[in-house]
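Text of the file query37.cif, holding mmCIF, C-alpha atoms and all ligand atoms:
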```
data_work
loop_
_atom_site.label_atom_id
_atom_site.label_comp_id
_atom_site.auth_asym_id
_atom_site.auth_seq_id
_atom_site.Cartn_x
_atom_site.Cartn_y
_atom_site.Cartn_z
CA MET A 1 -5.04 9.63 -38.01
CA TYR A 2 -5.07 6.37 -36.11
CA ARG A 3 -7.05 6.37 -32.91
CA ILE A 4 -5.97 5.19 -29.50
CA ASN A 5 -7.86 3.16 -26.91
CA ASP A 6 -9.55 6.11 -25.21
CA ASN A 7 -10.12 4.08 -22.08
CA TYR A 8 -6.47 4.66 -21.15
CA GLN A 9 -7.21 8.41 -21.05
CA LYS A 10 -9.82 7.78 -18.37
CA LEU A 11 -7.31 6.32 -15.93
CA PRO A 12 -6.48 8.70 -13.11
CA GLY A 13 -2.69 9.07 -12.60
CA SER A 14 -1.07 6.44 -10.44
CA TYR A 15 -1.34 8.87 -7.61
CA LEU A 16 -0.54 6.61 -4.67
CA PHE A 17 3.02 5.36 -5.13
CA SER A 18 4.21 8.34 -7.18
CA THR A 19 3.00 10.75 -4.49
CA ILE A 20 4.69 8.64 -1.81
CA ALA A 21 7.96 8.61 -3.81
CA LYS A 22 7.81 12.40 -4.31
CA LYS A 23 7.14 13.08 -0.63
CA VAL A 24 9.94 10.76 0.48
CA SER A 25 12.50 12.24 -1.91
CA ALA A 26 11.54 15.80 -0.86
CA PHE A 27 11.98 14.76 2.77
CA THR A 28 15.37 13.11 2.21
CA ALA A 29 16.59 16.11 0.18
CA GLU A 30 15.69 18.42 3.08
CA ASN A 31 16.98 16.03 5.75
CA PRO A 32 20.12 14.37 4.34
CA ASP A 33 21.20 13.28 7.82
CA LYS A 34 18.04 11.21 8.46
CA THR A 35 17.60 7.59 7.37
CA VAL A 36 14.14 6.65 6.26
CA ILE A 37 12.72 3.17 7.00
CA ARG A 38 10.44 2.00 4.19
CA LEU A 39 7.56 -0.24 5.22
CA GLY A 40 5.42 0.96 2.33
CA ILE A 41 5.51 -1.19 -0.77
CA GLY A 42 4.90 -4.92 -0.70
CA ASP A 43 8.28 -6.08 -1.98
CA VAL A 44 10.28 -8.72 -0.13
CA THR A 45 13.75 -8.15 1.32
CA GLN A 46 15.09 -11.63 2.07
CA PRO A 47 17.15 -13.58 -0.49
CA LEU A 48 15.95 -16.67 -2.32
CA THR A 49 16.26 -19.84 -0.26
CA GLY A 50 18.96 -22.52 -0.67
CA PRO A 51 16.82 -25.14 -2.46
CA VAL A 52 15.61 -22.51 -4.95
CA ILE A 53 19.15 -21.24 -5.62
CA ASP A 54 20.40 -24.82 -6.10
CA ALA A 55 17.61 -25.54 -8.59
CA LEU A 56 18.39 -22.33 -10.48
CA HIS A 57 22.11 -23.18 -10.73
CA LYS A 58 21.34 -26.68 -11.92
CA ALA A 59 18.87 -25.42 -14.54
CA VAL A 60 21.33 -22.80 -15.76
CA ASP A 61 23.94 -25.53 -16.26
CA GLU A 62 21.40 -27.58 -18.20
CA MET A 63 20.92 -24.64 -20.54
CA ALA A 64 24.66 -24.73 -21.31
CA ALA A 65 24.62 -28.22 -22.87
CA GLY A 66 22.95 -29.22 -26.13
CA GLU A 67 21.33 -32.38 -24.69
CA THR A 68 19.70 -30.58 -21.77
CA PHE A 69 19.03 -27.15 -23.31
CA HIS A 70 15.42 -25.93 -23.24
CA GLY A 71 13.88 -23.51 -25.72
CA TYR A 72 10.27 -22.34 -25.67
CA ALA A 73 8.39 -23.71 -22.69
CA PRO A 74 5.04 -25.45 -23.26
CA ASP A 75 2.26 -22.83 -23.41
CA LEU A 76 0.64 -23.85 -20.16
CA GLY A 77 3.86 -24.53 -18.24
CA TYR A 78 6.10 -27.58 -17.77
CA ALA A 79 4.30 -30.71 -16.57
CA PHE A 80 6.85 -31.15 -13.72
CA LEU A 81 5.71 -27.86 -12.18
CA ARG A 82 2.00 -28.19 -12.91
CA GLU A 83 1.98 -31.69 -11.39
CA ALA A 84 3.79 -30.43 -8.28
CA ILE A 85 1.29 -27.58 -7.91
CA ALA A 86 -1.74 -29.84 -8.43
CA GLU A 87 -0.46 -32.32 -5.87
CA ASN A 88 0.82 -29.97 -3.16
CA ASP A 89 -1.38 -26.89 -3.38
CA PHE A 90 -4.64 -28.67 -4.15
CA ARG A 91 -4.87 -32.47 -3.86
CA MET A 92 -3.14 -32.46 -0.45
CA ARG A 93 -5.80 -30.00 0.70
CA GLY A 94 -8.62 -32.14 -0.62
CA CYS A 95 -9.25 -30.01 -3.71
CA GLY A 96 -9.56 -32.03 -6.91
CA ILE A 97 -7.67 -29.72 -9.25
CA SER A 98 -5.75 -31.46 -12.03
CA ALA A 99 -2.53 -30.34 -13.73
CA ASP A 100 -4.34 -29.50 -16.96
CA GLU A 101 -6.42 -26.89 -15.11
CA ILE A 102 -3.27 -25.05 -14.03
CA PHE A 103 -1.67 -22.35 -16.18
CA VAL A 104 1.85 -21.26 -15.22
CA SER A 105 2.68 -17.60 -15.78
CA ASP A 106 5.17 -14.93 -14.81
CA GLY A 107 3.10 -13.72 -11.89
CA ALA A 108 -0.24 -12.90 -10.35
CA LYS A 109 -0.26 -9.28 -11.44
CA CYS A 110 -0.33 -10.19 -15.14
CA ASP A 111 -2.92 -12.90 -14.62
CA SER A 112 -5.19 -10.77 -12.46
CA GLY A 113 -4.97 -7.98 -15.04
CA ASN A 114 -5.42 -10.22 -18.10
CA ILE A 115 -8.17 -12.54 -16.91
CA GLN A 116 -10.90 -9.98 -17.63
CA GLU A 117 -10.31 -10.57 -21.37
CA LEU A 118 -12.39 -13.73 -21.12
CA PHE A 119 -15.56 -11.81 -20.32
CA ALA A 120 -18.00 -9.66 -22.28
CA VAL A 121 -17.22 -5.94 -22.40
CA ASP A 122 -20.55 -5.11 -20.79
CA SER A 123 -19.91 -7.39 -17.81
CA ARG A 124 -20.36 -5.69 -14.48
CA ILE A 125 -17.51 -6.06 -11.98
CA ALA A 126 -17.69 -5.95 -8.19
CA VAL A 127 -14.61 -5.17 -6.11
CA CYS A 128 -13.82 -4.77 -2.45
CA ASP A 129 -13.11 -1.25 -1.21
CA PRO A 130 -10.19 -0.81 -0.37
CA VAL A 131 -8.69 -2.95 -3.16
CA TYR A 132 -5.50 -3.98 -4.98
CA PRO A 133 -5.75 -1.50 -7.89
CA VAL A 134 -5.00 -3.93 -10.75
CA TYR A 135 -8.52 -5.42 -10.82
CA VAL A 136 -10.20 -2.07 -11.42
CA ASP A 137 -7.57 -0.50 -13.69
CA SER A 138 -7.43 -3.50 -16.04
CA ASN A 139 -11.21 -3.25 -16.43
CA VAL A 140 -10.94 0.50 -17.04
CA MET A 141 -8.53 -0.22 -19.90
CA ALA A 142 -11.05 -2.69 -21.32
CA GLY A 143 -13.87 -0.13 -21.18
CA ARG A 144 -15.97 -1.84 -18.54
CA THR A 145 -16.13 0.71 -15.74
CA GLY A 146 -18.03 3.81 -16.99
CA SER A 147 -16.85 7.24 -15.89
CA TYR A 148 -14.62 8.24 -12.99
CA ASP A 149 -15.73 10.61 -10.26
CA PRO A 150 -12.63 12.18 -8.70
CA ALA A 151 -14.62 13.43 -5.70
CA SER A 152 -15.67 9.94 -4.60
CA GLY A 153 -12.76 8.09 -6.20
CA ARG A 154 -15.25 5.70 -7.80
CA TRP A 155 -16.24 4.48 -11.26
CA SER A 156 -19.90 4.76 -12.24
CA ASP A 157 -20.28 1.16 -13.45
CA VAL A 158 -18.31 -0.66 -10.76
CA ILE A 159 -19.99 -2.22 -7.75
CA TYR A 160 -17.96 -1.36 -4.65
CA MET A 161 -18.18 -3.58 -1.61
CA PRO A 162 -16.93 -1.68 1.46
CA CYS A 163 -14.62 -3.58 3.81
CA THR A 164 -14.79 -1.85 7.15
CA GLU A 165 -14.21 -2.42 10.84
CA GLY A 166 -17.95 -3.13 11.04
CA ASN A 167 -17.75 -6.19 8.79
CA GLY A 168 -14.28 -7.26 9.88
CA PHE A 169 -12.95 -6.17 6.45
CA VAL A 170 -14.83 -9.03 4.76
CA ALA A 171 -17.30 -7.64 2.23
CA GLU A 172 -20.97 -8.50 2.41
CA LEU A 173 -22.77 -9.93 -0.62
CA PRO A 174 -23.60 -7.11 -3.04
CA SER A 175 -27.15 -5.79 -3.23
CA ARG A 176 -26.94 -5.58 -7.06
CA ARG A 177 -25.91 -8.63 -9.08
CA PRO A 178 -22.41 -8.39 -10.61
CA ASP A 179 -21.10 -10.66 -13.37
CA ILE A 180 -17.50 -10.78 -12.14
CA ILE A 181 -16.56 -10.66 -8.46
CA TYR A 182 -12.96 -10.01 -7.43
CA LEU A 183 -11.99 -11.34 -4.01
CA CYS A 184 -8.51 -11.36 -2.47
CA PHE A 185 -7.83 -13.30 0.73
CA PRO A 186 -5.69 -12.95 2.77
CA ASN A 187 -6.28 -9.39 1.74
CA ASN A 188 -4.03 -6.70 0.45
CA PRO A 189 -4.24 -4.04 1.90
CA THR A 190 -6.30 -4.81 5.02
CA GLY A 191 -4.57 -8.06 6.01
CA ALA A 192 -8.00 -9.62 6.67
CA ALA A 193 -8.63 -13.33 6.14
CA ILE A 194 -11.92 -15.01 5.26
CA LYS A 195 -13.28 -18.02 7.14
CA LYS A 196 -14.37 -21.05 5.17
CA GLU A 197 -18.07 -20.64 5.99
CA GLN A 198 -17.92 -16.99 4.85
CA LEU A 199 -16.25 -17.92 1.57
CA GLN A 200 -18.79 -20.72 1.04
CA LYS A 201 -21.52 -18.04 1.07
CA TRP A 202 -19.78 -16.25 -1.80
CA VAL A 203 -19.46 -19.48 -3.76
CA ASP A 204 -23.13 -20.30 -3.20
CA TYR A 205 -24.12 -16.76 -4.23
CA ALA A 206 -21.99 -16.92 -7.41
CA ASN A 207 -23.46 -20.29 -8.40
CA LYS A 208 -27.02 -19.13 -7.70
CA GLU A 209 -26.69 -15.78 -9.48
CA GLY A 210 -24.47 -16.93 -12.36
CA CYS A 211 -21.39 -14.88 -11.41
CA VAL A 212 -17.73 -15.77 -11.74
CA ILE A 213 -15.34 -15.19 -8.82
CA ILE A 214 -11.73 -14.19 -9.50
CA TYR A 215 -10.02 -15.31 -6.30
CA ASP A 216 -6.57 -13.84 -5.69
CA ALA A 217 -4.73 -16.01 -3.16
CA ALA A 218 -1.28 -14.40 -3.56
CA TYR A 219 -0.85 -14.37 0.25
CA GLU A 220 -2.07 -17.90 0.94
CA ALA A 221 1.23 -18.96 2.55
CA TYR A 222 0.69 -16.49 5.40
CA ILE A 223 -2.45 -18.19 6.69
CA SER A 224 -1.89 -19.32 10.27
CA GLU A 225 -5.43 -20.00 11.52
CA GLN A 226 -7.20 -23.32 11.12
CA ASP A 227 -10.60 -22.26 9.80
CA VAL A 228 -9.18 -20.07 7.03
CA PRO A 229 -9.24 -21.74 3.60
CA HIS A 230 -6.03 -21.80 1.58
CA SER A 231 -7.90 -22.21 -1.68
CA ILE A 232 -11.41 -21.29 -2.79
CA TYR A 233 -11.71 -24.87 -4.08
CA GLU A 234 -11.98 -26.01 -0.46
CA CYS A 235 -15.56 -24.71 -0.78
CA GLU A 236 -18.21 -26.93 -2.30
CA GLY A 237 -19.22 -25.91 -5.81
CA ALA A 238 -16.28 -23.54 -6.32
CA LYS A 239 -15.02 -25.35 -9.41
CA ALA A 240 -18.21 -24.30 -11.19
CA CYS A 241 -17.80 -20.57 -10.45
CA ALA A 242 -14.23 -19.62 -9.50
CA ILE A 243 -10.84 -18.91 -11.00
CA GLU A 244 -7.94 -18.82 -8.53
CA ILE A 245 -4.71 -16.87 -8.95
CA ARG A 246 -1.50 -17.64 -7.05
CA SER A 247 2.00 -16.23 -6.90
CA PHE A 248 5.48 -17.39 -5.86
CA SER A 249 6.39 -13.78 -4.99
CA LYS A 250 5.38 -13.50 -1.37
CA ASN A 251 5.90 -17.07 -0.15
CA ALA A 252 9.21 -17.85 -1.89
CA GLY A 253 10.53 -14.35 -2.58
CA PHE A 254 10.17 -14.54 -6.39
CA THR A 255 9.23 -10.85 -6.86
CA GLY A 256 12.33 -10.40 -9.02
CA LEU A 257 12.33 -13.92 -10.50
CA ARG A 258 8.65 -13.88 -11.61
CA LEU A 259 6.41 -16.93 -11.34
CA GLY A 260 2.72 -17.46 -10.67
CA TYR A 261 -0.20 -19.51 -11.89
CA THR A 262 -3.91 -19.44 -12.50
CA VAL A 263 -6.39 -22.26 -12.02
CA VAL A 264 -9.28 -22.39 -14.46
CA PRO A 265 -11.34 -25.53 -13.72
CA LYS A 266 -12.93 -27.49 -16.56
CA GLU A 267 -16.31 -27.20 -14.87
CA LEU A 268 -16.28 -23.45 -15.47
CA THR A 269 -18.47 -22.88 -18.51
CA SER A 270 -20.74 -20.15 -19.82
CA GLY A 271 -23.15 -20.65 -22.71
CA GLY A 272 -21.46 -23.96 -23.45
CA ALA A 273 -18.00 -22.36 -23.74
CA SER A 274 -15.18 -23.66 -21.55
CA LEU A 275 -13.27 -20.88 -19.80
CA ARG A 276 -10.37 -23.28 -19.38
CA ASP A 277 -10.16 -23.75 -23.14
CA MET A 278 -10.47 -19.99 -23.70
CA TRP A 279 -7.62 -19.28 -21.26
CA ALA A 280 -5.54 -22.03 -22.92
CA ARG A 281 -6.19 -20.37 -26.26
CA ARG A 282 -5.19 -17.01 -24.85
CA HIS A 283 -1.97 -18.41 -23.40
CA GLY A 284 -1.18 -20.06 -26.73
CA THR A 285 -1.72 -16.85 -28.63
CA LYS A 286 -0.33 -14.19 -26.34
CA TYR A 287 2.16 -15.84 -24.01
CA ASN A 288 5.31 -17.88 -24.52
CA GLY A 289 5.78 -19.25 -21.04
CA ALA A 290 7.76 -18.57 -17.88
CA PRO A 291 11.49 -19.41 -18.29
CA TYR A 292 12.57 -23.03 -17.81
CA ILE A 293 15.05 -22.12 -15.09
CA VAL A 294 12.36 -20.23 -13.16
CA GLN A 295 9.89 -23.11 -13.45
CA ARG A 296 12.58 -25.45 -12.08
CA ALA A 297 13.03 -22.98 -9.20
CA GLY A 298 9.27 -23.11 -8.64
CA GLU A 299 9.35 -26.91 -8.60
CA ALA A 300 12.04 -26.76 -5.89
CA CYS A 301 9.54 -25.01 -3.60
CA TYR A 302 7.60 -28.29 -3.38
CA THR A 303 10.39 -30.62 -2.26
CA PRO A 304 10.56 -31.33 1.51
CA GLU A 305 13.61 -29.02 1.81
CA GLY A 306 11.93 -26.40 -0.37
CA LYS A 307 8.76 -26.46 1.74
CA GLU A 308 10.79 -26.13 4.92
CA SER A 309 12.76 -23.19 3.51
CA ILE A 310 9.54 -21.41 2.54
CA ARG A 311 8.09 -22.00 5.99
CA SER A 312 11.19 -20.31 7.45
CA LEU A 313 10.91 -17.38 5.06
CA VAL A 314 7.25 -16.84 5.88
CA ALA A 315 8.04 -17.21 9.60
CA TYR A 316 10.72 -14.53 9.25
CA TYR A 317 8.22 -12.03 7.88
CA MET A 318 5.51 -13.07 10.30
CA GLU A 319 7.84 -12.31 13.19
CA ASN A 320 8.02 -8.77 11.80
CA ALA A 321 4.23 -8.73 11.58
CA ARG A 322 4.05 -9.71 15.25
CA THR A 323 6.63 -7.09 16.23
CA ILE A 324 4.73 -4.35 14.42
CA ARG A 325 1.25 -5.46 15.48
CA ASP A 326 2.06 -6.02 19.15
CA GLY A 327 4.23 -2.90 19.36
CA LEU A 328 1.52 -0.67 17.92
CA LYS A 329 -1.12 -2.24 20.18
CA GLU A 330 1.03 -1.51 23.22
CA MET A 331 1.18 2.12 22.12
CA GLY A 332 -2.61 2.18 22.04
CA TYR A 333 -3.17 1.91 18.30
CA THR A 334 -6.13 0.01 16.86
CA VAL A 335 -4.51 -2.60 14.65
CA TYR A 336 -5.84 -5.23 12.21
CA GLY A 337 -4.19 -7.87 10.02
CA GLY A 338 -0.74 -9.33 10.57
CA VAL A 339 -2.09 -12.73 11.71
CA ASN A 340 -2.83 -14.47 8.41
CA SER A 341 -1.11 -11.85 6.31
CA PRO A 342 2.08 -9.80 6.07
CA TYR A 343 0.08 -6.55 6.12
CA ILE A 344 -0.77 -4.53 9.20
CA TRP A 345 -3.75 -2.22 8.81
CA LEU A 346 -3.84 0.39 11.52
CA LYS A 347 -6.28 3.09 12.35
CA THR A 348 -4.83 6.58 12.30
CA ILE A 349 -4.84 8.54 15.54
CA ASP A 350 -6.30 11.91 16.53
CA GLY A 351 -8.73 11.90 13.60
CA MET A 352 -5.91 12.24 11.07
CA SER A 353 -6.64 11.39 7.44
CA SER A 354 -4.53 8.64 5.89
CA TRP A 355 -2.31 11.20 4.15
CA GLU A 356 -1.96 13.36 7.28
CA PHE A 357 -0.82 10.27 9.13
CA PHE A 358 1.63 9.50 6.32
CA ASP A 359 3.22 12.96 6.76
CA TYR A 360 3.18 12.61 10.54
CA LEU A 361 5.01 9.28 10.45
CA LEU A 362 7.49 10.44 7.81
CA ASN A 363 8.33 13.69 9.58
CA GLN A 364 8.26 12.52 13.19
CA ALA A 365 9.60 8.95 12.88
CA ASN A 366 11.12 8.88 9.37
CA VAL A 367 9.03 5.78 8.64
CA VAL A 368 7.22 5.29 5.34
CA GLY A 369 3.97 3.37 5.03
CA THR A 370 1.03 3.49 2.63
CA PRO A 371 -2.07 5.65 3.17
CA GLY A 372 -5.18 3.46 3.24
CA SER A 373 -7.21 5.97 1.21
CA GLY A 374 -4.90 5.22 -1.75
CA PHE A 375 -6.58 1.81 -2.04
CA GLY A 376 -10.11 3.20 -2.12
CA PRO A 377 -12.44 5.54 -0.21
CA SER A 378 -13.17 3.01 2.54
CA GLY A 379 -9.44 2.96 3.32
CA GLU A 380 -9.62 6.56 4.55
CA GLY A 381 -8.47 6.87 8.16
CA PHE A 382 -6.32 3.73 7.85
CA PHE A 383 -2.68 3.06 7.10
CA ARG A 384 -0.80 0.00 5.80
CA LEU A 385 2.56 -1.19 7.07
CA THR A 386 4.23 -4.25 5.58
CA ALA A 387 6.10 -7.01 7.37
CA PHE A 388 8.43 -7.49 4.38
CA GLY A 389 11.27 -5.45 5.87
CA THR A 390 14.21 -6.84 7.82
CA HIS A 391 13.90 -7.65 11.55
CA GLU A 392 16.23 -4.75 12.30
CA ASN A 393 14.18 -2.22 10.33
CA SER A 394 10.86 -3.46 11.66
CA LYS A 395 12.08 -3.14 15.26
CA ALA A 396 13.74 0.21 14.61
CA ALA A 397 10.56 1.55 12.97
CA LEU A 398 8.54 0.56 16.03
CA GLU A 399 11.03 2.19 18.40
CA ARG A 400 10.88 5.37 16.37
CA ILE A 401 7.08 5.44 16.36
CA ALA A 402 7.06 4.80 20.14
CA GLY A 403 9.50 7.68 20.55
CA ILE A 404 7.28 10.29 18.85
C1 LIG A 501 -3.22 -9.04 -4.09
C2 LIG A 501 -2.04 -9.15 -4.97
N1 LIG A 501 -2.11 -9.90 -6.07
C3 LIG A 501 -1.06 -10.02 -6.90
C4 LIG A 501 0.13 -9.37 -6.64
C5 LIG A 501 1.26 -9.48 -7.62
O1 LIG A 501 1.93 -10.67 -7.52
P1 LIG A 501 3.09 -11.07 -8.53
O2 LIG A 501 4.39 -10.58 -7.96
O3 LIG A 501 3.02 -12.55 -8.65
O4 LIG A 501 2.81 -10.42 -9.85
C6 LIG A 501 0.25 -8.58 -5.51
C7 LIG A 501 1.52 -7.87 -5.26
O5 LIG A 501 1.69 -7.04 -4.43
C8 LIG A 501 -0.86 -8.46 -4.66
O6 LIG A 501 -0.79 -7.71 -3.56
#
```
Before we go any further, please render this structure as structure tokens.
Amino acid sequence: MYRINDNYQKLPGSYLFSTIAKKVSAFTAENPDKTVIRLGIGDVTQPLTGPVIDALHKAVDEMAAGETFHGYAPDLGYAFLREAIAENDFRMRGCGISADEIFVSDGAKCDSGNIQELFAVDSRIAVCDPVYPVYVDSNVMAGRTGSYDPASGRWSDVIYMPCTEGNGFVAELPSRRPDIIYLCFPNNPTGAAIKKEQLQKWVDYANKEGCVIIYDAAYEAYISEQDVPHSIYECEGAKACAIEIRSFSKNAGFTGLRLGYTVVPKELTSGGASLRDMWARRHGTKYNGAPYIVQRAGEACYTPEGKESIRSLVAYYMENARTIRDGLKEMGYTVYGGVNSPYIWLKTIDGMSSWEFFDYLLNQANVVGTPGSGFGPSGEGFFRLTAFGTHENSKAALERIAGI
């Protein structure tokens, strides 16, 4: 009999969102007259912007004529998009990233899950706790994480770096040396941002200890404060130790369209091997490119009108973040995030666990959020609300919570 990859059997069930879905459907079945406001999952609600829609229409028309039709995209992405990214996301911020270090993909989830393929199976990973689950689960599938302890919610061979109120939700350098360090800023789920001098310490550590940093900057567009870096390459020496992953999902609303990219600098080498060349080889072998029409839509995000439309979209969600953050504060909640990020991370009240608070909010206010403990043990006692709803729903949710 053929054998399966046993590592998949080690994965605990995707408890978090399936449990939320079950609880919400049980509640709505019992309370058909109540409308539930969902501020749980991180999906956007606003439509694509005008410049993006125009670019899509134009590209679709091109596909209808023989002279302008496009088949397979180049493995690494169309030059028009990679040049626009290199110029706008990096060179304009003083980071010397060139177009041939940029790999266009169909999103940050795939890239953040696939990137671990470049590293040895016995590499040790370090993750923040709480954490976006993809980093850990993709390493479980690859057989890198040891055994799971359901009591602690931790894997034996993973280094966990707690992000707590005490450290402002920015992990401290690990006491044991990892090979691969996953960092995500602005952070999902805590909404925390990292200052440039803090990130520089991580870059210096990685260069000194011979680690690689996988830097997930999916929420970069939400940064509003001056001393918060938009890219890890703003730090000196980062090109020698860091891979950066970006997405068009949360800035431009591409969650359903699918577009992202990964930067693998040429300076990134191990034992004489170029990680950039390895990732290029991987793309060539396993990936056939994001659709032409979607890459044209991505390019439209970098025109003056496109940039302005994205600023408005981000401002729309950040107004929700302000509504939720300020409203909860007025009610006496302890609230974090929502300044450089669309996530609000609040402390539960009356000593409730994250799940108790979930039930409390669902039953008393008919509002759905995400229990912090679902992202890792250090998330216990916290709760995540997203700013990705509509203005109306965000305000209504706050009024309902105030009315409990
Ligand atoms: C930290 C982080 N990275 C990546 C993603 C996925 O982005 P994409 O839609 O580009 O796959 C998400 C989505 O919620 C996320 O929170």
> What do you get as JSON, numbers by chain if you pick all residues at most 10 Å from ligand LIG 501 (chain A), counting all atoms listed in the file?
Replying inline: {"A": [41, 42, 43, 44, 105, 106, 107, 108, 109, 110, 111, 112, 113, 131, 132, 133, 134, 135, 183, 184, 185, 186, 187, 188, 189, 215, 216, 217, 218, 219, 245, 246, 247, 248, 249, 250, 253, 254, 255, 256, 257, 258, 259, 260, 261, 343]}
Please save C-alpha atoms of the selected residues as a compact mmCIF listing (two decimals), in the frame of the given file.
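Dumped everything to again_20.txt:
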```
# COMPACT_ATOMS: atom_id res chain seq x y z
CA ILE A 41 5.51 -1.19 -0.77
CA GLY A 42 4.90 -4.92 -0.70
CA ASP A 43 8.28 -6.08 -1.98
CA VAL A 44 10.28 -8.72 -0.13
CA SER A 105 2.68 -17.60 -15.78
CA ASP A 106 5.17 -14.93 -14.81
CA GLY A 107 3.10 -13.72 -11.89
CA ALA A 108 -0.24 -12.90 -10.35
CA LYS A 109 -0.26 -9.28 -11.44
CA CYS A 110 -0.33 -10.19 -15.14
CA ASP A 111 -2.92 -12.90 -14.62
CA SER A 112 -5.19 -10.77 -12.46
CA GLY A 113 -4.97 -7.98 -15.04
CA VAL A 131 -8.69 -2.95 -3.16
CA TYR A 132 -5.50 -3.98 -4.98
CA PRO A 133 -5.75 -1.50 -7.89
CA VAL A 134 -5.00 -3.93 -10.75
CA TYR A 135 -8.52 -5.42 -10.82
CA LEU A 183 -11.99 -11.34 -4.01
CA CYS A 184 -8.51 -11.36 -2.47
CA PHE A 185 -7.83 -13.30 0.73
CA PRO A 186 -5.69 -12.95 2.77
CA ASN A 187 -6.28 -9.39 1.74
CA ASN A 188 -4.03 -6.70 0.45
CA PRO A 189 -4.24 -4.04 1.90
CA TYR A 215 -10.02 -15.31 -6.30
CA ASP A 216 -6.57 -13.84 -5.69
CA ALA A 217 -4.73 -16.01 -3.16
CA ALA A 218 -1.28 -14.40 -3.56
CA TYR A 219 -0.85 -14.37 0.25
CA ILE A 245 -4.71 -16.87 -8.95
CA ARG A 246 -1.50 -17.64 -7.05
CA SER A 247 2.00 -16.23 -6.90
CA PHE A 248 5.48 -17.39 -5.86
CA SER A 249 6.39 -13.78 -4.99
CA LYS A 250 5.38 -13.50 -1.37
CA GLY A 253 10.53 -14.35 -2.58
CA PHE A 254 10.17 -14.54 -6.39
CA THR A 255 9.23 -10.85 -6.86
CA GLY A 256 12.33 -10.40 -9.02
CA LEU A 257 12.33 -13.92 -10.50
CA ARG A 258 8.65 -13.88 -11.61
CA LEU A 259 6.41 -16.93 -11.34
CA GLY A 260 2.72 -17.46 -10.67
CA TYR A 261 -0.20 -19.51 -11.89
CA TYR A 343 0.08 -6.55 6.12
```
>> With distances taken over all atoms listed in the file, which residue among A:Gly332, A:Pro130, A:Ser341, A:Cys301 lies nearest Ile85 (chain A)?
In response: A:Cys301
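The interatomic distance for the pair CA of Glu209 (chain A) and CA of Arg124 (chain A) works out to 12.9 Å.
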> With distances taken over all atoms listed in the file, which of A:Thr49, A:Thr303, A:Asn7, A:Thr390 is nearest to Leu81 (chain A)?
Replying inline: A:Thr303
> So, counting all atoms listed in the file, which residue among A:Gly298, A:Pro377, A:His391, A:Met352 is closest to Ala321 (chain A)?
Replying inline: A:His391
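For the pair CA of Phe375 (chain A) and CA of Cys128 (chain A), the interatomic distance is 9.8 Å.
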>> Which residues are close to Gly289 (chain A), i.e. within 12 Å by all atoms listed in the file, leaving aside same-chain residues fewer than 4 positions away? Reply as a ChimeraX atom specification.
In response: /A:70-78,103-107,258-261,280,282-285,293-295
Residues from the last selection, C-alpha atoms, saved as a PDB file, keeping the file's coordinate frame:
```pdb
ATOM      1  CA  HIS A  70      15.420 -25.930 -23.240  1.00  0.00           C
ATOM      2  CA  GLY A  71      13.880 -23.510 -25.720  1.00  0.00           C
ATOM      3  CA  TYR A  72      10.270 -22.340 -25.670  1.00  0.00           C
ATOM      4  CA  ALA A  73       8.390 -23.710 -22.690  1.00  0.00           C
ATOM      5  CA  PRO A  74       5.040 -25.450 -23.260  1.00  0.00           C
ATOM      6  CA  ASP A  75       2.260 -22.830 -23.410  1.00  0.00           C
ATOM      7  CA  LEU A  76       0.640 -23.850 -20.160  1.00  0.00           C
ATOM      8  CA  GLY A  77       3.860 -24.530 -18.240  1.00  0.00           C
ATOM      9  CA  TYR A  78       6.100 -27.580 -17.770  1.00  0.00           C
ATOM     10  CA  PHE A 103      -1.670 -22.350 -16.180  1.00  0.00           C
ATOM     11  CA  VAL A 104       1.850 -21.260 -15.220  1.00  0.00           C
ATOM     12  CA  SER A 105       2.680 -17.600 -15.780  1.00  0.00           C
ATOM     13  CA  ASP A 106       5.170 -14.930 -14.810  1.00  0.00           C
ATOM     14  CA  GLY A 107       3.100 -13.720 -11.890  1.00  0.00           C
ATOM     15  CA  ARG A 258       8.650 -13.880 -11.610  1.00  0.00           C
ATOM     16  CA  LEU A 259       6.410 -16.930 -11.340  1.00  0.00           C
ATOM     17  CA  GLY A 260       2.720 -17.460 -10.670  1.00  0.00           C
ATOM     18  CA  TYR A 261      -0.200 -19.510 -11.890  1.00  0.00           C
ATOM     19  CA  ALA A 280      -5.540 -22.030 -22.920  1.00  0.00           C
ATOM     20  CA  ARG A 282      -5.190 -17.010 -24.850  1.00  0.00           C
ATOM     21  CA  HIS A 283      -1.970 -18.410 -23.400  1.00  0.00           C
ATOM     22  CA  GLY A 284      -1.180 -20.060 -26.730  1.00  0.00           C
ATOM     23  CA  THR A 285      -1.720 -16.850 -28.630  1.00  0.00           C
ATOM     24  CA  ILE A 293      15.050 -22.120 -15.090  1.00  0.00           C
ATOM     25  CA  VAL A 294      12.360 -20.230 -13.160  1.00  0.00           C
ATOM     26  CA  GLN A 295       9.890 -23.110 -13.450  1.00  0.00           C
TER      27      GLN A 295
END
```
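Going from CA of Trp345 (chain A) over to CA of Phe382 (chain A), you cover 6.6 Å.
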> Contacts of region 95-101 of chain A at 6 Å or less, counting only C-alpha atoms, minus same-chain residues fewer than 6 places along, as a VMD selection string?
Replying inline: chain A and resid 82 to 83 86 233 to 234 263 to 265
> Any idea what's packed within 12 Å of Arg400 (chain A), counting only C-alpha atoms, ignoring anything in its chain fewer than 3 positions away? Could you give it as a count of residues only?
Replying inline: 22
Region 164-212 of chain A near region 137-153 of chain A within 12 Å: what's each residue's closest atom pair and its distance in Å to one decimal, counting all atoms listed in the file, ordered by chain then ascending residue number, as a Markdown table?
```
| residue | atom | partner | partner_atom | distance |
| --- | --- | --- | --- | --- |
| A:Asp179 | CA | A:Arg144 | CA | 11.4 |
| A:Ile180 | CA | A:Asn139 | CA | 10.7 |
| A:Tyr182 | CA | A:Asn139 | CA | 11.4 |
```
